[in-house]
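J.: Take a look at the following structure, please.
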Amino acid sequence: MIGRKQEISLLEQAYHSNRSEFIAIYGRRRVGKTFLVRQVFSGKFAFTYSGMPNVSTKIQLHNFYKELKAQGYKAQSAPKNWTDAFFMLREFVASKPKGKKVIFLDELPWMDGRQSSFLPAFENFWNAWASARKDILLIVCGSATSWIVKKILHNRGGLHNRLTNQICLQPFNLKECEEYVKDMDLPLNRQQVVESYMIFGGIPFYWSLLEKSKSLSQNIDNLFFGRNAKLKDEFQELYNSLFAKPEVYIEIIKALGTKKAGMTRDEIIYVAKLDSGGKFTNYLEDLENCGFIRRYQSPGSKTKNALYQLVDNFTLFYFKFMEGKRNTDANYWSKMQMSSVFHTWSGLAFERICLLHSDQIKKALGISGVITNEYSWRTAATEEHPGAQIDLLIDRSDKMINLCEIKYSDGPYTIDKKYMENLRNKAALFRQLTKTRKGIALTMITSFGLVKNSYSMNNIHSQLTVEDLFADA
């Protein structure tokens, strides 16, 4: 198994503990939640069941009963409700031999249909029976992250503070994707791994679809633009699986896609033409919990002016090349490689990769042990100044700030006089408007480093390349 060392250790500790354990695993669709559990506990399950999407409670209960029977339960009549179903599960699991009994309920949110009374029955199953024993390991899982967070992690009823542990399963980083590529024997170099990450992010399932007999461009054509493209409808399926009303979330994502440095809550509401209120706050929290956006605070700004930034590469790729386009060219991606649209998108996507690998950047800068806050920064033009935007700022507790410029190119990047003046002006404007007294270190993060000249050697305090992003965090 690639990566997941901490998660595996946590699950194994739970299995060998001397008490019953209740663990929730959540994360976006295709990130590998089910695969993780099945790999760790292969051959050790007392019972497993995966909820079915978009079916009635009656059908859900019937399927639950069929799984009980298929796995060895002897009862003859199906349960009438979830209370009956969980009593059957109690009886079945209690009949198992001594030792830890692993119960895995996958896609738990799909079981909680309207007026199903699932949650009270589930609460009773844990509180009245499983938690009182010492031999139960109950693992629940679901892609509908907002449901897991609200109904399990932040439950204010019978499950309040009942979890013994939780795992928010994150996408792979670049190093883990490279290990996965090697494991699948794909002929991709590091530059191509980065280009793949721009499209897929660190979602293992998407990477698993790559064929080693095809080039990267051919693979992308086949997966997104071919006649029977496997990922052509993935965007809609992704958001539909996560949210009951995906339309609102997609409008928020669309709005955020218009400004790379992010937007305030009020700006999102204005651009997306949505109503303000408590529900909107929940929408933002759901998107943040799913890893599509991140929230950060610019220096000196109030909490209510926090910025929300789109960081999901798969979503960025979809909006740039697929959304609203009726493309019939099966070789579309192969032909896009030299276009200005491709180069603009790849630059933005590389910035997102750097944001997602801030731990690796800090390690390369030698500041892993320093407390930091990472954010982008922008200011609109006025009569006094032309405005500015900074890709990444690493605000450090040791009274320094790394002002990071991120450039993606096919070779070493050249800093000329004009670019250097622009960079100095950005730093000066940032200092003026934020009134920071910290030292500002100019930092370049590029694909292949910088061309050596007087500007790069005398004015840039630190240089990082793609290679640094592949380090262990």
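By order in the structure tokens, chains are A, B, ...; within a chain, residues start at 1; ligands start at 1, following the order shown.
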Need the shell around region 101-113 of chain A: protein/DNA/RNA residues with any atom at most 6 Å away, counting only C-alpha atoms. Skip same-chain ones fewer than 3 positions apart. Format as a list in words?
T.: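 Everything that qualifies: Phe45, Ala46, Phe47, Thr48, Tyr49, Ser50, Gly51, Met52, Pro53, Ser116, Phe118, Asp135, Ile136, Leu137, Leu138, Ile139, Val140, Cys141 and Gly142 of chain A.
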J.: Near Arg378 (chain A), counting only C-alpha atoms, which residues have an atom at most 8 Å away, once you skip same-chain residues fewer than 6 positions from it, shown as an mmCIF file with all heavy atoms, in the first residue's frame?
T.:
data_model
loop_
_atom_site.group_PDB
_atom_site.id
_atom_site.type_symbol
_atom_site.label_atom_id
_atom_site.label_comp_id
_atom_site.auth_asym_id
_atom_site.auth_seq_id
_atom_site.Cartn_x
_atom_site.Cartn_y
_atom_site.Cartn_z
ATOM 1 N N ALA A 261 -6.321 34.220 -6.162
ATOM 2 C CA ALA A 261 -5.894 34.515 -4.798
ATOM 3 C C ALA A 261 -7.017 34.324 -3.793
ATOM 4 O O ALA A 261 -6.798 34.394 -2.588
ATOM 5 C CB ALA A 261 -5.355 35.936 -4.699
ATOM 6 N N GLY A 387 -1.783 48.180 -7.801
ATOM 7 C CA GLY A 387 -2.281 46.890 -7.330
ATOM 8 C C GLY A 387 -1.206 45.822 -7.429
ATOM 9 O O GLY A 387 -0.177 46.007 -8.093
ATOM 10 N N ALA A 388 -1.428 44.707 -6.762
ATOM 11 C CA ALA A 388 -0.434 43.626 -6.794
ATOM 12 C C ALA A 388 -1.064 42.330 -6.319
ATOM 13 O O ALA A 388 -2.088 42.317 -5.638
ATOM 14 C CB ALA A 388 0.762 43.968 -5.904
ATOM 15 N N GLN A 389 -0.431 41.237 -6.709
ATOM 16 C CA GLN A 389 -0.868 39.906 -6.281
ATOM 17 C C GLN A 389 0.364 39.053 -6.027
ATOM 18 O O GLN A 389 1.286 39.021 -6.840
ATOM 19 C CB GLN A 389 -1.748 39.270 -7.352
ATOM 20 C CG GLN A 389 -2.340 37.927 -6.940
ATOM 21 C CD GLN A 389 -3.513 37.534 -7.814
ATOM 22 O OE1 GLN A 389 -4.558 38.171 -7.808
ATOM 23 N NE2 GLN A 389 -3.344 36.474 -8.574
ATOM 24 N N ILE A 390 0.380 38.387 -4.879
ATOM 25 C CA ILE A 390 1.510 37.539 -4.506
ATOM 26 C C ILE A 390 1.007 36.101 -4.363
ATOM 27 O O ILE A 390 0.030 35.838 -3.663
ATOM 28 C CB ILE A 390 2.152 38.027 -3.195
ATOM 29 C CG1 ILE A 390 2.700 39.457 -3.377
ATOM 30 C CG2 ILE A 390 3.276 37.085 -2.764
ATOM 31 C CD1 ILE A 390 3.196 40.102 -2.099
#
J.: Given only C-alpha atoms as the basis, pick out the residue of A:Val40, A:Ala85, A:Ile353, A:Leu186 nearest to Glu7 (chain A).
T.: A:Val40
J.: Could you pull the residues within 9 Å of region 420-425 of chain A, counting only C-alpha atoms, minus those fewer than 6 positions along the same chain, as a PDB file with C-alpha atoms, in the first residue's frame?
T.:
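File produced: part_1.pdb:
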ATOM      1  CA  ALA A 388      -0.434  43.626  -6.794  1.00  0.00           C
ATOM      2  CA  GLU A 405       6.884  33.785  -6.695  1.00  0.00           C
ATOM      3  CA  LEU A 442      12.307  36.921  -1.971  1.00  0.00           C
ATOM      4  CA  TYR A 455      19.200  39.416 -10.821  1.00  0.00           C
ATOM      5  CA  SER A 456      18.820  35.772  -9.806  1.00  0.00           C
ATOM      6  CA  ASN A 459      18.468  39.632  -5.422  1.00  0.00           C
TER       7      ASN A 459
END
J.: Find the residues around region 335-351 of chain A up to 12 Å (only C-alpha atoms counted), leave out those fewer than 6 positions away in its own chain, and share them as number ranges by chain.
T.: A: 174, 191, 193-201, 216-218, 220-221, 225, 257-261, 309-321, 329, 357-358, 375-376, 390-392, 404-410, 444-447, 465-466, 469
J.: Would you pick out the contacts of Tyr296 (chain A) at 7 Å or less, using only C-alpha atoms, so that residues sharing its chain but fewer than 3 positions from it are not included, and give the list as a list of chain:residue names?
T.: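 These residues fall inside the cut-off: A:Ala306, A:Leu307, A:Tyr308, A:Tyr375.
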J.: Quick one: distance from CA of Phe35 (chain A) to CA of Ser143 (chain A) in Å, one decimal?
T.: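 Atom-to-atom, CA of Phe35 (chain A) and CA of Ser143 (chain A) are spaced 12.9 Å apart.
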J.: Lys151 (chain A): which residues within 12 Å, counting only C-alpha atoms, same-chain residues fewer than 4 positions away excluded, as a PyMOL selection string?
T.: chain A and resi 24+108-109+112+118-120+122-123+140+142+144-147+155-163
J.: Using only C-alpha atoms, which residue out of A:Ala132, A:Ala364, A:Leu403, A:Ile460 lies closest to Trp377 (chain A)?
T.: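 Among the listed residues, A:Leu403 lies closest to Trp377 (chain A).
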J.: Would you compute the distance between CA of Val31 (chain A) and CA of Phe205 (chain A)? Give it in Å to one decimal.
T.: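 CA of Phe205 (chain A) lies 6.8 Å from CA of Val31 (chain A).
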J.: Mind giving me the straight-line distance from CA of Lys100 (chain A) to CA of Tyr15 (chain A) in Å, one decimal?
T.: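 Interatomic distance, CA of Lys100 (chain A) to CA of Tyr15 (chain A): 6.5 Å.
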J.: Can you pull out every residue from region 249-446 of chain A that DSSP, working from the backbone, puts in alpha helix (DSSP H), and format the result as a short mmCIF file (atom, residue, chain, number, x, y, z; two decimals) with N, CA, C and O atoms, in the first residue's frame?
T.:
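Okay, this is what ended up in result.cif:
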data_model
loop_
_atom_site.label_atom_id
_atom_site.label_comp_id
_atom_site.auth_asym_id
_atom_site.auth_seq_id
_atom_site.Cartn_x
_atom_site.Cartn_y
_atom_site.Cartn_z
N TYR A 249 -23.26 24.42 -4.45
CA TYR A 249 -21.83 24.25 -4.25
C TYR A 249 -21.05 24.53 -5.54
O TYR A 249 -19.97 25.13 -5.51
N ILE A 250 -21.60 24.09 -6.65
CA ILE A 250 -20.93 24.31 -7.94
C ILE A 250 -20.89 25.79 -8.27
O ILE A 250 -19.89 26.29 -8.81
N GLU A 251 -21.95 26.53 -7.94
CA GLU A 251 -21.95 27.98 -8.18
C GLU A 251 -20.87 28.67 -7.35
O GLU A 251 -20.21 29.59 -7.82
N ILE A 252 -20.68 28.22 -6.13
CA ILE A 252 -19.62 28.78 -5.29
C ILE A 252 -18.25 28.48 -5.88
O ILE A 252 -17.38 29.35 -5.97
N ILE A 253 -18.08 27.23 -6.32
CA ILE A 253 -16.81 26.82 -6.93
C ILE A 253 -16.53 27.63 -8.20
O ILE A 253 -15.41 28.08 -8.44
N LYS A 254 -17.56 27.84 -9.01
CA LYS A 254 -17.40 28.64 -10.23
C LYS A 254 -16.95 30.05 -9.91
O LYS A 254 -16.07 30.61 -10.57
N ALA A 255 -17.56 30.65 -8.89
CA ALA A 255 -17.18 32.01 -8.49
C ALA A 255 -15.72 32.05 -8.04
O ALA A 255 -14.96 32.94 -8.46
N LEU A 256 -15.32 31.09 -7.23
CA LEU A 256 -13.94 31.07 -6.73
C LEU A 256 -12.93 30.83 -7.85
O LEU A 256 -11.78 31.24 -7.74
N ARG A 265 -16.17 36.16 1.71
CA ARG A 265 -17.52 35.61 1.74
C ARG A 265 -18.49 36.50 0.96
O ARG A 265 -19.30 36.00 0.16
N ASP A 266 -18.41 37.80 1.18
CA ASP A 266 -19.31 38.73 0.50
C ASP A 266 -19.08 38.76 -1.01
O ASP A 266 -20.03 38.87 -1.79
N GLU A 267 -17.83 38.63 -1.41
CA GLU A 267 -17.52 38.61 -2.85
C GLU A 267 -18.10 37.37 -3.51
O GLU A 267 -18.62 37.43 -4.63
N ILE A 268 -17.99 36.23 -2.83
CA ILE A 268 -18.55 34.98 -3.38
C ILE A 268 -20.06 35.12 -3.54
O ILE A 268 -20.63 34.76 -4.57
N ILE A 269 -20.72 35.65 -2.52
CA ILE A 269 -22.18 35.82 -2.56
C ILE A 269 -22.58 36.71 -3.73
O ILE A 269 -23.54 36.42 -4.46
N TYR A 270 -21.81 37.78 -3.95
CA TYR A 270 -22.14 38.72 -5.02
C TYR A 270 -21.94 38.09 -6.40
O TYR A 270 -22.83 38.17 -7.27
N VAL A 271 -20.81 37.44 -6.60
CA VAL A 271 -20.49 36.85 -7.91
C VAL A 271 -21.40 35.66 -8.21
O VAL A 271 -21.88 35.49 -9.33
N ALA A 272 -21.64 34.81 -7.20
CA ALA A 272 -22.46 33.61 -7.41
C ALA A 272 -23.96 33.90 -7.35
O ALA A 272 -24.77 33.01 -7.63
N GLY A 278 -27.00 31.68 7.32
CA GLY A 278 -26.34 30.54 7.96
C GLY A 278 -26.07 29.39 7.02
O GLY A 278 -25.05 28.72 7.11
N LYS A 279 -26.98 29.15 6.09
CA LYS A 279 -26.79 28.05 5.15
C LYS A 279 -25.55 28.26 4.28
O LYS A 279 -24.84 27.30 3.95
N PHE A 280 -25.30 29.51 3.91
CA PHE A 280 -24.14 29.79 3.07
C PHE A 280 -22.85 29.46 3.81
O PHE A 280 -21.90 28.92 3.22
N THR A 281 -22.82 29.78 5.10
CA THR A 281 -21.66 29.42 5.91
C THR A 281 -21.45 27.92 5.92
O THR A 281 -20.32 27.43 5.82
N ASN A 282 -22.56 27.17 6.00
CA ASN A 282 -22.46 25.70 5.96
C ASN A 282 -21.92 25.21 4.63
O ASN A 282 -21.15 24.25 4.58
N TYR A 283 -22.33 25.86 3.55
CA TYR A 283 -21.83 25.47 2.23
C TYR A 283 -20.30 25.61 2.17
O TYR A 283 -19.60 24.72 1.67
N LEU A 284 -19.81 26.73 2.67
CA LEU A 284 -18.36 26.96 2.66
C LEU A 284 -17.64 25.94 3.54
O LEU A 284 -16.59 25.42 3.16
N GLU A 285 -18.21 25.64 4.69
CA GLU A 285 -17.60 24.65 5.58
C GLU A 285 -17.57 23.27 4.93
O GLU A 285 -16.57 22.54 5.04
N ASP A 286 -18.64 22.91 4.23
CA ASP A 286 -18.69 21.61 3.54
C ASP A 286 -17.60 21.51 2.48
O ASP A 286 -16.91 20.49 2.37
N LEU A 287 -17.45 22.55 1.68
CA LEU A 287 -16.44 22.56 0.62
C LEU A 287 -15.03 22.50 1.21
O LEU A 287 -14.14 21.85 0.66
N GLU A 288 -14.85 23.17 2.35
CA GLU A 288 -13.54 23.15 3.00
C GLU A 288 -13.26 21.77 3.58
O GLU A 288 -12.14 21.25 3.44
N ASN A 289 -14.26 21.15 4.19
CA ASN A 289 -14.08 19.80 4.75
C ASN A 289 -13.77 18.77 3.67
O ASN A 289 -13.06 17.79 3.92
N ASN A 313 -7.36 20.71 -8.00
CA ASN A 313 -6.87 20.73 -9.37
C ASN A 313 -7.84 20.09 -10.35
O ASN A 313 -7.97 20.53 -11.50
N PHE A 314 -8.49 19.01 -9.93
CA PHE A 314 -9.44 18.35 -10.84
C PHE A 314 -10.56 19.31 -11.23
O PHE A 314 -10.97 19.38 -12.38
N THR A 315 -11.07 20.07 -10.26
CA THR A 315 -12.12 21.04 -10.54
C THR A 315 -11.63 22.15 -11.46
O THR A 315 -12.33 22.56 -12.38
N LEU A 316 -10.42 22.63 -11.21
CA LEU A 316 -9.84 23.67 -12.07
C LEU A 316 -9.71 23.19 -13.51
O LEU A 316 -10.00 23.92 -14.46
N PHE A 317 -9.27 21.95 -13.66
CA PHE A 317 -9.12 21.37 -14.99
C PHE A 317 -10.47 21.28 -15.69
O PHE A 317 -10.61 21.65 -16.87
N TYR A 318 -11.48 20.83 -14.96
CA TYR A 318 -12.81 20.69 -15.55
C TYR A 318 -13.35 22.04 -16.04
O TYR A 318 -13.85 22.15 -17.16
N PHE A 319 -13.25 23.06 -15.20
CA PHE A 319 -13.79 24.37 -15.59
C PHE A 319 -13.04 24.98 -16.77
O PHE A 319 -13.62 25.67 -17.60
N LYS A 320 -11.75 24.71 -16.84
CA LYS A 320 -10.95 25.32 -17.91
C LYS A 320 -11.15 24.63 -19.24
O LYS A 320 -11.20 25.29 -20.29
N PHE A 321 -11.30 23.33 -19.25
CA PHE A 321 -11.27 22.59 -20.52
C PHE A 321 -12.54 21.80 -20.85
O PHE A 321 -12.67 21.32 -21.98
N TYR A 332 -8.11 16.12 -28.47
CA TYR A 332 -8.13 17.51 -28.03
C TYR A 332 -6.93 17.86 -27.16
O TYR A 332 -6.25 18.87 -27.38
N TRP A 333 -6.65 17.03 -26.15
CA TRP A 333 -5.59 17.37 -25.20
C TRP A 333 -4.21 17.35 -25.86
O TRP A 333 -3.37 18.21 -25.58
N SER A 334 -3.99 16.40 -26.73
CA SER A 334 -2.70 16.32 -27.42
C SER A 334 -2.44 17.58 -28.26
O SER A 334 -1.31 18.04 -28.37
N LYS A 335 -3.50 18.14 -28.79
CA LYS A 335 -3.37 19.33 -29.63
C LYS A 335 -3.28 20.62 -28.81
O LYS A 335 -2.90 21.67 -29.34
N MET A 336 -3.63 20.55 -27.53
CA MET A 336 -3.65 21.74 -26.68
C MET A 336 -2.29 22.09 -26.10
O MET A 336 -2.10 23.19 -25.56
N SER A 340 -1.70 28.90 -25.75
CA SER A 340 -1.56 29.85 -24.65
C SER A 340 -2.51 29.50 -23.51
O SER A 340 -2.19 29.73 -22.34
N VAL A 341 -3.66 28.93 -23.85
CA VAL A 341 -4.62 28.52 -22.82
C VAL A 341 -4.00 27.45 -21.92
O VAL A 341 -4.14 27.50 -20.69
N PHE A 342 -3.30 26.50 -22.53
CA PHE A 342 -2.65 25.43 -21.77
C PHE A 342 -1.59 26.01 -20.84
O PHE A 342 -1.51 25.64 -19.66
N HIS A 343 -0.78 26.93 -21.33
CA HIS A 343 0.30 27.49 -20.53
C HIS A 343 -0.24 28.33 -19.38
O HIS A 343 0.31 28.31 -18.27
N THR A 344 -1.32 29.07 -19.62
CA THR A 344 -1.93 29.85 -18.54
C THR A 344 -2.49 28.94 -17.46
O THR A 344 -2.27 29.16 -16.26
N TRP A 345 -3.20 27.89 -17.88
CA TRP A 345 -3.77 26.94 -16.93
C TRP A 345 -2.67 26.22 -16.15
O TRP A 345 -2.78 26.07 -14.92
N SER A 346 -1.62 25.77 -16.82
CA SER A 346 -0.57 25.00 -16.14
C SER A 346 0.14 25.86 -15.10
O SER A 346 0.53 25.36 -14.03
N GLY A 347 0.30 27.16 -15.38
CA GLY A 347 0.90 28.05 -14.40
C GLY A 347 0.05 28.15 -13.14
O GLY A 347 0.56 28.09 -12.02
N LEU A 348 -1.26 28.30 -13.33
CA LEU A 348 -2.18 28.38 -12.20
C LEU A 348 -2.23 27.06 -11.44
O LEU A 348 -2.22 27.04 -10.21
N ALA A 349 -2.28 25.95 -12.17
CA ALA A 349 -2.33 24.64 -11.53
C ALA A 349 -1.07 24.37 -10.72
O ALA A 349 -1.13 23.77 -9.63
N PHE A 350 0.08 24.81 -11.22
CA PHE A 350 1.34 24.62 -10.49
C PHE A 350 1.34 25.42 -9.19
O PHE A 350 1.85 24.96 -8.16
N GLU A 351 0.74 26.61 -9.22
CA GLU A 351 0.61 27.39 -7.99
C GLU A 351 -0.19 26.62 -6.96
O GLU A 351 0.14 26.60 -5.76
N ARG A 352 -1.28 25.97 -7.39
CA ARG A 352 -2.10 25.20 -6.48
C ARG A 352 -1.32 24.02 -5.90
O ARG A 352 -1.45 23.68 -4.73
N ILE A 353 -0.50 23.39 -6.72
CA ILE A 353 0.33 22.28 -6.23
C ILE A 353 1.27 22.78 -5.14
O ILE A 353 1.45 22.12 -4.10
N CYS A 354 1.86 23.94 -5.34
CA CYS A 354 2.77 24.50 -4.33
C CYS A 354 2.03 24.80 -3.03
O CYS A 354 2.54 24.53 -1.94
N LEU A 355 0.82 25.34 -3.14
CA LEU A 355 0.02 25.62 -1.94
C LEU A 355 -0.26 24.34 -1.16
O LEU A 355 -0.26 24.32 0.07
N LEU A 356 -0.51 23.25 -1.89
CA LEU A 356 -0.81 21.97 -1.27
C LEU A 356 0.44 21.27 -0.73
O LEU A 356 0.32 20.26 -0.02
N SER A 358 2.99 22.97 1.00
CA SER A 358 3.68 23.99 1.81
C SER A 358 4.63 23.35 2.83
O SER A 358 5.66 23.93 3.16
N ASP A 359 4.30 22.16 3.32
CA ASP A 359 5.20 21.48 4.26
C ASP A 359 6.53 21.14 3.60
O ASP A 359 7.60 21.28 4.21
N GLN A 360 6.47 20.69 2.35
CA GLN A 360 7.70 20.38 1.62
C GLN A 360 8.51 21.65 1.34
O GLN A 360 9.74 21.63 1.38
N ILE A 361 7.81 22.73 1.03
CA ILE A 361 8.49 24.01 0.78
C ILE A 361 9.18 24.49 2.05
O ILE A 361 10.35 24.92 2.02
N LYS A 362 8.50 24.39 3.18
CA LYS A 362 9.10 24.80 4.45
C LYS A 362 10.33 23.94 4.78
O LYS A 362 11.33 24.46 5.29
N LYS A 363 10.24 22.66 4.47
CA LYS A 363 11.39 21.78 4.72
C LYS A 363 12.58 22.19 3.88
O LYS A 363 13.72 22.26 4.37
N ALA A 364 12.33 22.50 2.59
CA ALA A 364 13.42 22.91 1.70
C ALA A 364 14.03 24.25 2.14
O ALA A 364 15.23 24.48 1.94
N LEU A 365 13.22 25.10 2.75
CA LEU A 365 13.71 26.39 3.24
C LEU A 365 14.38 26.26 4.60
O LEU A 365 14.95 27.24 5.11
N LYS A 417 15.37 42.57 -15.87
CA LYS A 417 15.28 43.83 -15.12
C LYS A 417 13.83 44.20 -14.82
O LYS A 417 13.49 44.59 -13.69
N LYS A 418 12.96 44.07 -15.82
CA LYS A 418 11.56 44.46 -15.64
C LYS A 418 10.88 43.58 -14.59
O LYS A 418 10.14 44.08 -13.73
N TYR A 419 11.13 42.27 -14.65
CA TYR A 419 10.52 41.36 -13.69
C TYR A 419 11.02 41.65 -12.28
O TYR A 419 10.26 41.64 -11.31
N MET A 420 12.33 41.94 -12.17
CA MET A 420 12.90 42.22 -10.87
C MET A 420 12.31 43.49 -10.27
O MET A 420 12.01 43.54 -9.06
N GLU A 421 12.11 44.48 -11.08
CA GLU A 421 11.50 45.73 -10.60
C GLU A 421 10.07 45.48 -10.12
O GLU A 421 9.64 46.01 -9.09
N ASN A 422 9.34 44.66 -10.87
CA ASN A 422 7.97 44.32 -10.48
C ASN A 422 7.94 43.58 -9.15
O ASN A 422 7.10 43.84 -8.28
N LEU A 423 8.90 42.68 -8.96
CA LEU A 423 8.97 41.91 -7.72
C LEU A 423 9.29 42.82 -6.53
O LEU A 423 8.71 42.70 -5.46
N ARG A 424 10.22 43.73 -6.73
CA ARG A 424 10.57 44.68 -5.66
C ARG A 424 9.38 45.58 -5.33
O ARG A 424 9.12 45.88 -4.15
N ASN A 425 8.65 46.01 -6.36
CA ASN A 425 7.49 46.86 -6.13
C ASN A 425 6.40 46.12 -5.34
O ASN A 425 5.73 46.69 -4.49
N LYS A 426 6.22 44.83 -5.67
CA LYS A 426 5.26 44.02 -4.93
C LYS A 426 5.62 43.97 -3.44
O LYS A 426 4.78 44.16 -2.56
N ALA A 427 6.90 43.70 -3.18
CA ALA A 427 7.36 43.60 -1.80
C ALA A 427 7.18 44.93 -1.07
O ALA A 427 6.74 44.95 0.09
N ALA A 428 7.50 46.02 -1.74
CA ALA A 428 7.37 47.35 -1.13
C ALA A 428 5.90 47.68 -0.84
O ALA A 428 5.56 48.22 0.23
N LEU A 429 5.02 47.35 -1.80
CA LEU A 429 3.60 47.63 -1.61
C LEU A 429 3.01 46.77 -0.50
O LEU A 429 2.20 47.24 0.32
N PHE A 430 3.44 45.52 -0.45
CA PHE A 430 2.98 44.63 0.61
C PHE A 430 3.39 45.17 1.98
O PHE A 430 2.58 45.22 2.92
N ARG A 431 4.64 45.62 2.09
CA ARG A 431 5.12 46.17 3.36
C ARG A 431 4.34 47.44 3.73
O ARG A 431 3.95 47.64 4.89
N GLN A 432 4.10 48.27 2.73
CA GLN A 432 3.41 49.54 2.97
C GLN A 432 1.97 49.32 3.46
O GLN A 432 1.53 49.93 4.43
N LEU A 433 1.25 48.42 2.78
CA LEU A 433 -0.17 48.25 3.08
C LEU A 433 -0.42 47.39 4.31
O LEU A 433 -1.41 47.59 5.02
N THR A 434 0.45 46.43 4.57
CA THR A 434 0.26 45.57 5.74
C THR A 434 0.96 46.12 6.97
O THR A 434 0.70 45.66 8.09
#
J.: Run DSSP on the backbone of this structure and report the residues of region 366-418 of chain A it assigns to strand (DSSP E), as a list in words.
T.: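 The strand (DSSP E) residues within region 366-418 of chain A come out as Thr372, Asn373, Glu374, Tyr375, Ser376, Trp377, Arg378, Thr379, Ala388, Gln389, Ile390, Asp391, Leu392, Leu393, Ile394, Asp395, Arg396, Met400, Ile401, Asn402, Leu403, Cys404, Glu405, Ile406 and Lys407 of chain A.
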